[in-house]
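Enquirer: Sharing target-v5.tsv below, TSV, C-alpha atoms:
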```
chain	number	residue	atom	x	y	z
F	1	ASP	CA	-4.71	19.74	-3.87
F	2	ALA	CA	-7.07	16.77	-4.16
F	3	GLY	CA	-5.69	13.45	-3.07
F	4	VAL	CA	-6.62	10.07	-4.46
F	5	THR	CA	-10.37	9.59	-4.58
F	6	GLN	CA	-12.37	6.40	-4.96
F	7	SER	CA	-16.02	5.61	-5.53
F	8	PRO	CA	-18.22	4.20	-4.23
F	9	THR	CA	-17.20	3.98	-0.58
F	10	HIS	CA	-19.28	0.88	0.05
F	11	LEU	CA	-20.89	-1.69	-2.20
F	12	ILE	CA	-22.97	-4.83	-1.66
F	13	LYS	CA	-23.27	-7.41	-4.44
F	14	THR	CA	-24.39	-11.02	-4.73
F	15	ARG	CA	-22.40	-13.96	-6.01
F	16	GLY	CA	-22.08	-14.08	-9.79
F	17	GLN	CA	-22.62	-10.37	-10.29
F	18	GLN	CA	-20.17	-7.94	-11.80
F	19	VAL	CA	-18.80	-4.80	-10.14
F	20	THR	CA	-16.91	-1.68	-11.28
F	21	LEU	CA	-14.85	0.42	-8.89
F	22	ARG	CA	-13.44	3.82	-9.79
F	23	CYS	CA	-10.33	5.77	-8.89
F	24	SER	CA	-9.11	9.28	-9.61
F	25	PRO	CA	-5.39	9.78	-9.00
F	26	LYS	CA	-3.77	12.57	-7.08
F	27	SER	CA	-3.21	15.70	-9.14
F	28	GLY	CA	-0.05	15.33	-11.25
F	29	HIS	CA	0.02	11.54	-11.00
F	30	ASP	CA	-0.27	9.29	-14.05
F	31	THR	CA	0.25	5.78	-12.67
F	32	VAL	CA	-2.49	3.86	-10.89
F	33	SER	CA	-2.14	0.64	-8.91
F	34	TRP	CA	-4.93	-1.44	-7.41
F	35	TYR	CA	-4.72	-3.54	-4.25
F	36	GLN	CA	-7.09	-5.93	-2.49
F	37	GLN	CA	-7.08	-5.95	1.31
F	38	ALA	CA	-8.91	-8.84	2.95
F	39	LEU	CA	-10.01	-8.42	6.55
F	40	GLY	CA	-7.06	-8.62	8.92
F	41	GLN	CA	-4.49	-8.79	6.12
F	42	GLY	CA	-2.10	-6.48	4.36
F	43	PRO	CA	-2.99	-5.27	0.86
F	44	GLN	CA	-2.27	-7.57	-2.08
F	45	PHE	CA	-1.27	-6.12	-5.46
F	46	ILE	CA	-3.75	-6.65	-8.29
F	47	PHE	CA	-2.33	-4.63	-11.21
F	48	GLN	CA	-0.80	-1.35	-12.28
F	49	TYR	CA	-1.75	0.95	-15.16
F	50	TYR	CA	0.34	3.54	-16.96
F	51	GLU	CA	-0.31	5.20	-20.30
F	52	GLU	CA	-3.62	3.35	-20.49
F	53	GLU	CA	-1.91	-0.05	-20.46
F	54	GLU	CA	-1.64	-2.76	-17.82
F	55	ARG	CA	2.05	-2.77	-16.95
F	56	GLN	CA	2.21	-5.36	-14.19
F	57	ARG	CA	-0.18	-7.88	-12.72
F	58	GLY	CA	-0.27	-9.70	-9.42
F	59	ASN	CA	-1.55	-13.21	-8.79
F	60	PHE	CA	-5.21	-12.56	-9.52
F	61	PRO	CA	-7.49	-14.40	-11.98
F	62	ASP	CA	-8.73	-12.94	-15.26
F	63	ARG	CA	-12.04	-12.12	-13.58
F	64	PHE	CA	-10.19	-9.03	-12.39
F	65	SER	CA	-9.67	-6.52	-15.16
F	66	GLY	CA	-9.03	-2.84	-15.38
F	67	HIS	CA	-8.86	0.21	-17.52
F	68	GLN	CA	-7.12	3.56	-17.46
F	69	PHE	CA	-8.56	6.58	-19.20
F	70	PRO	CA	-6.73	9.47	-20.94
F	71	ASN	CA	-7.27	11.64	-17.84
F	72	TYR	CA	-5.37	8.96	-15.82
F	73	SER	CA	-8.43	7.83	-13.85
F	74	SER	CA	-8.92	4.12	-13.61
F	75	GLU	CA	-11.54	1.41	-13.17
F	76	LEU	CA	-11.31	-2.01	-11.60
F	77	ASN	CA	-13.83	-4.57	-12.85
F	78	VAL	CA	-14.54	-7.88	-11.19
F	79	ASN	CA	-16.74	-10.44	-12.98
F	80	ALA	CA	-18.52	-13.49	-11.59
F	81	LEU	CA	-18.13	-12.35	-8.01
F	82	LEU	CA	-17.24	-14.90	-5.35
F	83	LEU	CA	-17.75	-14.65	-1.60
F	84	GLY	CA	-13.96	-14.49	-1.29
F	85	ASP	CA	-13.89	-11.26	-3.27
F	86	SER	CA	-15.28	-9.44	-0.23
F	87	ALA	CA	-12.53	-7.00	0.74
F	88	LEU	CA	-11.37	-3.41	0.83
F	89	TYR	CA	-10.14	-2.37	-2.61
F	90	LEU	CA	-7.46	0.29	-2.51
F	91	CYS	CA	-6.26	2.47	-5.33
F	92	ALA	CA	-2.83	4.08	-5.20
F	93	SER	CA	-1.39	6.69	-7.52
F	94	SER	CA	2.13	7.81	-8.31
F	95	PHE	CA	4.08	9.66	-10.96
F	96	GLY	CA	6.06	8.66	-13.95
F	97	GLY	CA	5.54	4.97	-14.64
F	98	ALA	CA	8.45	2.59	-15.09
F	99	GLY	CA	11.11	5.27	-15.32
F	100	TRP	CA	10.39	6.54	-11.83
F	101	VAL	CA	10.73	3.53	-9.55
F	102	GLN	CA	11.62	5.80	-6.65
F	103	GLU	CA	8.22	7.45	-6.58
F	104	THR	CA	5.98	6.93	-3.56
F	105	GLN	CA	2.49	5.52	-4.01
F	106	TYR	CA	-0.31	7.47	-2.33
F	107	PHE	CA	-3.51	5.67	-1.43
F	108	GLY	CA	-7.18	6.51	-1.64
F	109	PRO	CA	-9.71	5.73	1.11
F	110	GLY	CA	-10.78	2.49	-0.53
F	111	THR	CA	-14.03	0.84	-1.55
F	112	ARG	CA	-15.48	-1.76	0.82
F	113	LEU	CA	-17.05	-4.56	-1.24
F	114	LEU	CA	-19.29	-7.14	0.39
F	115	VAL	CA	-20.36	-10.15	-1.66
F	116	LEU	CA	-23.39	-12.07	-0.32
S	117	ALA	CA	10.16	-13.76	-4.21
S	118	GLN	CA	10.30	-10.98	-1.69
S	119	THR	CA	8.47	-11.29	1.61
S	120	VAL	CA	7.73	-8.93	4.48
S	121	THR	CA	7.12	-10.16	8.03
S	122	GLN	CA	5.66	-8.25	10.94
S	123	SER	CA	5.88	-10.50	13.98
S	124	GLN	CA	3.85	-8.33	16.37
S	125	PRO	CA	0.11	-8.57	15.62
S	126	GLU	CA	-0.67	-6.07	18.39
S	127	MET	CA	1.27	-3.53	20.44
S	128	SER	CA	0.26	-1.12	23.16
S	129	VAL	CA	1.92	2.08	24.39
S	130	GLN	CA	1.18	4.69	27.01
S	131	GLU	CA	0.55	8.20	25.75
S	132	ALA	CA	3.82	10.22	25.59
S	133	GLU	CA	5.92	7.04	25.71
S	134	THR	CA	8.01	5.47	22.95
S	135	VAL	CA	7.18	2.30	21.05
S	136	THR	CA	9.04	0.29	18.41
S	137	LEU	CA	7.33	-1.80	15.73
S	138	SER	CA	9.32	-4.56	14.10
S	139	CYS	CA	9.59	-5.57	10.47
S	140	THR	CA	11.86	-8.00	8.66
S	141	TYR	CA	12.02	-8.69	4.96
S	142	ASP	CA	13.60	-11.14	2.61
S	143	THR	CA	15.08	-10.21	-0.75
S	144	SER	CA	18.04	-10.97	-2.95
S	145	GLU	CA	17.98	-7.49	-4.46
S	146	SER	CA	20.35	-4.73	-3.46
S	147	ASP	CA	18.25	-1.81	-4.67
S	148	TYR	CA	14.87	-1.36	-3.03
S	149	TYR	CA	12.66	0.91	-0.97
S	150	LEU	CA	11.02	0.33	2.38
S	151	PHE	CA	7.95	2.05	3.73
S	152	TRP	CA	5.80	2.31	6.82
S	153	TYR	CA	2.15	3.07	6.19
S	154	LYS	CA	-0.46	3.86	8.83
S	155	GLN	CA	-4.09	2.79	8.39
S	156	PRO	CA	-6.50	4.27	10.96
S	157	PRO	CA	-10.10	3.04	11.28
S	158	SER	CA	-11.02	5.46	8.50
S	159	ARG	CA	-9.16	2.97	6.20
S	160	GLN	CA	-7.03	5.64	4.48
S	161	MET	CA	-3.52	4.26	4.04
S	162	ILE	CA	-1.16	7.09	4.98
S	163	LEU	CA	2.57	7.14	4.31
S	164	VAL	CA	4.52	7.55	7.54
S	165	ILE	CA	8.11	7.23	6.41
S	166	ARG	CA	10.25	5.75	3.63
S	167	GLN	CA	13.81	4.51	3.40
S	168	GLU	CA	15.98	4.03	0.36
S	169	ALA	CA	18.17	0.94	0.71
S	170	TYR	CA	21.22	2.72	-0.71
S	171	LYS	CA	21.10	5.31	2.06
S	172	GLN	CA	22.92	4.36	5.24
S	173	GLN	CA	21.34	7.14	7.25
S	174	ASN	CA	18.09	6.19	8.97
S	175	ALA	CA	15.04	8.19	7.85
S	176	THR	CA	13.31	10.51	10.31
S	177	GLU	CA	9.99	12.32	10.09
S	178	ASN	CA	9.22	14.36	13.21
S	179	ARG	CA	8.30	11.82	15.95
S	180	PHE	CA	8.80	8.86	13.61
S	181	SER	CA	12.16	7.29	12.89
S	182	VAL	CA	13.41	3.99	11.54
S	183	ASN	CA	16.22	1.64	12.40
S	184	PHE	CA	17.31	0.21	9.06
S	185	GLN	CA	19.70	-2.72	9.32
S	186	LYS	CA	20.37	-3.78	5.74
S	187	ALA	CA	22.56	-6.79	6.51
S	188	ALA	CA	20.00	-8.12	8.97
S	189	LYS	CA	17.13	-7.18	6.64
S	190	SER	CA	15.39	-5.41	9.46
S	191	PHE	CA	13.36	-2.19	9.30
S	192	SER	CA	11.78	-1.14	12.59
S	193	LEU	CA	9.68	1.96	13.25
S	194	LYS	CA	10.10	4.00	16.41
S	195	ILE	CA	7.33	6.34	17.49
S	196	SER	CA	8.37	8.86	20.12
S	197	ASP	CA	6.05	10.86	22.37
S	198	SER	CA	3.09	8.69	21.33
S	199	GLN	CA	-0.21	10.45	20.83
S	200	LEU	CA	-3.78	9.15	20.84
S	201	GLY	CA	-3.96	9.87	17.13
S	202	ASP	CA	-1.16	7.36	16.50
S	203	ALA	CA	-3.54	4.48	17.23
S	204	ALA	CA	-3.91	2.55	13.97
S	205	MET	CA	-2.75	-0.45	11.96
S	206	TYR	CA	0.83	-0.03	10.82
S	207	PHE	CA	2.04	-1.81	7.71
S	208	CYS	CA	5.61	-2.33	6.63
S	209	ALA	CA	6.05	-2.51	2.85
S	210	TYR	CA	8.81	-3.32	0.35
S	211	ARG	CA	9.23	-2.22	-3.23
S	212	SER	CA	11.91	-3.28	-5.66
S	213	GLY	CA	14.17	-0.64	-7.12
S	214	MET	CA	14.35	-2.55	-10.38
S	215	ASN	CA	12.26	-1.69	-13.42
S	216	TYR	CA	10.65	-4.98	-14.40
S	217	GLY	CA	8.77	-5.13	-17.68
S	218	GLY	CA	7.85	-1.50	-17.89
S	219	SER	CA	6.28	-1.29	-14.45
S	220	GLN	CA	7.02	1.08	-11.62
S	221	GLY	CA	6.77	-1.88	-9.29
S	222	ASN	CA	4.30	-2.92	-6.66
S	223	LEU	CA	4.31	-2.74	-2.88
S	224	ILE	CA	4.63	-5.96	-0.89
S	225	PHE	CA	3.03	-5.59	2.51
S	226	GLY	CA	3.35	-7.34	5.82
S	227	LYS	CA	0.25	-8.38	7.75
S	228	GLY	CA	0.36	-5.32	9.96
S	229	THR	CA	0.67	-4.41	13.62
S	230	LYS	CA	-2.29	-2.94	15.50
S	231	LEU	CA	-1.06	-0.16	17.78
S	232	SER	CA	-3.17	0.97	20.74
S	233	VAL	CA	-2.35	4.14	22.66
S	234	LYS	CA	-3.49	4.35	26.28
S	235	PRO	CA	-4.31	7.77	27.77
```
Would you kindly transcribe this structure into structure tokens?
Expert:
Amino acid sequence: DAGVTQSPTHLIKTRGQQVTLRCSPKSGHDTVSWYQQALGQGPQFIFQYYEEEERQRGNFPDRFSGHQFPNYSSELNVNALLLGDSALYLCASSFGGAGWVQETQYFGPGTRLLVL
Amino acid sequence: AQTVTQSQPEMSVQEAETVTLSCTYDTSESDYYLFWYKQPPSRQMILVIRQEAYKQQNATENRFSVNFQKAAKSFSLKISDSQLGDAAMYFCAYRSGMNYGGSQGNLIFGKGTKLSVKP
């Protein structure tokens, strides 16, 4: 049973560029959440997708956007990259959307983004 | 807004000994879930244990157990018979049990505790 997968594992970009990160949820899961983890910090919630819609958003600017596809996979896009966007980006999947608040979120291995 | 505090940036334990990691949280909600996640150097965030706030009984998973004190808003993790593979960052996390605006809810994390295990 495949767990949550993310690609790429590492990425180097320069300021002002745009980046797309990808996530495939655990088999049977339909809800995807994205988190940003700065060095030495706990993860911070970016947004959550269910049924191809953004259901909840954390305190992140509009430069951060996402998408969920019919197969439940998801993308995180960041435009106009800043040095402060350098972080580990974690994807987490779970089942059931809003009606299943008790469901545990399972994390992928993350994508390490470095902005120069 | 809910907050999670881990007051121990680093902890150390001897192999085979027991260690307790502390976590406190602040919330006005009565229905919520608490989690401990482990993040080894490989970066993969792994669920260690979860606790439902409505359950009085403390959760246990093999060598891992929690001490959940709802009134004190405290949620500590005890690791018994520590092993070298337990060395990692440990994050305490909170999630609301309420369904806000069609979302399943997000995790709110503490800053983590780095656990070292000495052979």
Enquirer: Rank nothing, just name the residue among F:Ser65, F:Ser73, F:Thr111, F:Thr5 nearest to Leu21 (chain F), using only C-alpha atoms.
Expert: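 Going through F:Ser65, F:Ser73, F:Thr111, F:Thr5 one by one, the smallest distance to Leu21 (chain F) is for F:Thr111.
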Enquirer: Could you list, as a VMD selection string, the residues of chain F having an atom within 9 Å of chain S when counting only C-alpha atoms?
Expert: chain F and resid 31 33 40 to 45 47 to 50 54 to 56 58 88 90 94 96 to 110
Enquirer: Any idea what's packed within 10 Å of Glu177 (chain S), counting only C-alpha atoms, ignoring anything in its chain fewer than 5 positions away? Could you give it as a PDB file with C-alpha atoms, in the frame of the given file?
Expert:
```
ATOM      1  CA  VAL S 164       4.520   7.550   7.540  1.00  0.00           C
ATOM      2  CA  ILE S 165       8.110   7.230   6.410  1.00  0.00           C
ATOM      3  CA  ARG S 166      10.250   5.750   3.630  1.00  0.00           C
ATOM      4  CA  VAL S 182      13.410   3.990  11.540  1.00  0.00           C
ATOM      5  CA  ILE S 195       7.330   6.340  17.490  1.00  0.00           C
TER       6      ILE S 195
END
```
Enquirer: What gap, in Å, lies between CA of Leu81 (chain F) and CA of Gln68 (chain F)?
Expert: 21.5 Å
Enquirer: Could you tell me which of F:Asn71, F:Asn79, F:Asn59, F:Thr14 comes closest to Lys26 (chain F) if we count all atoms listed in the file?
Expert: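 So, comparing all the options, the nearest one is F:Asn71.
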Enquirer: Write out as a ChimeraX atom specification the residues lying within 10 Å of Ala203 (chain S), counting only C-alpha atoms and excluding same-chain residues fewer than 6 positions away.
Expert: /S:127-129,154-157,230-234
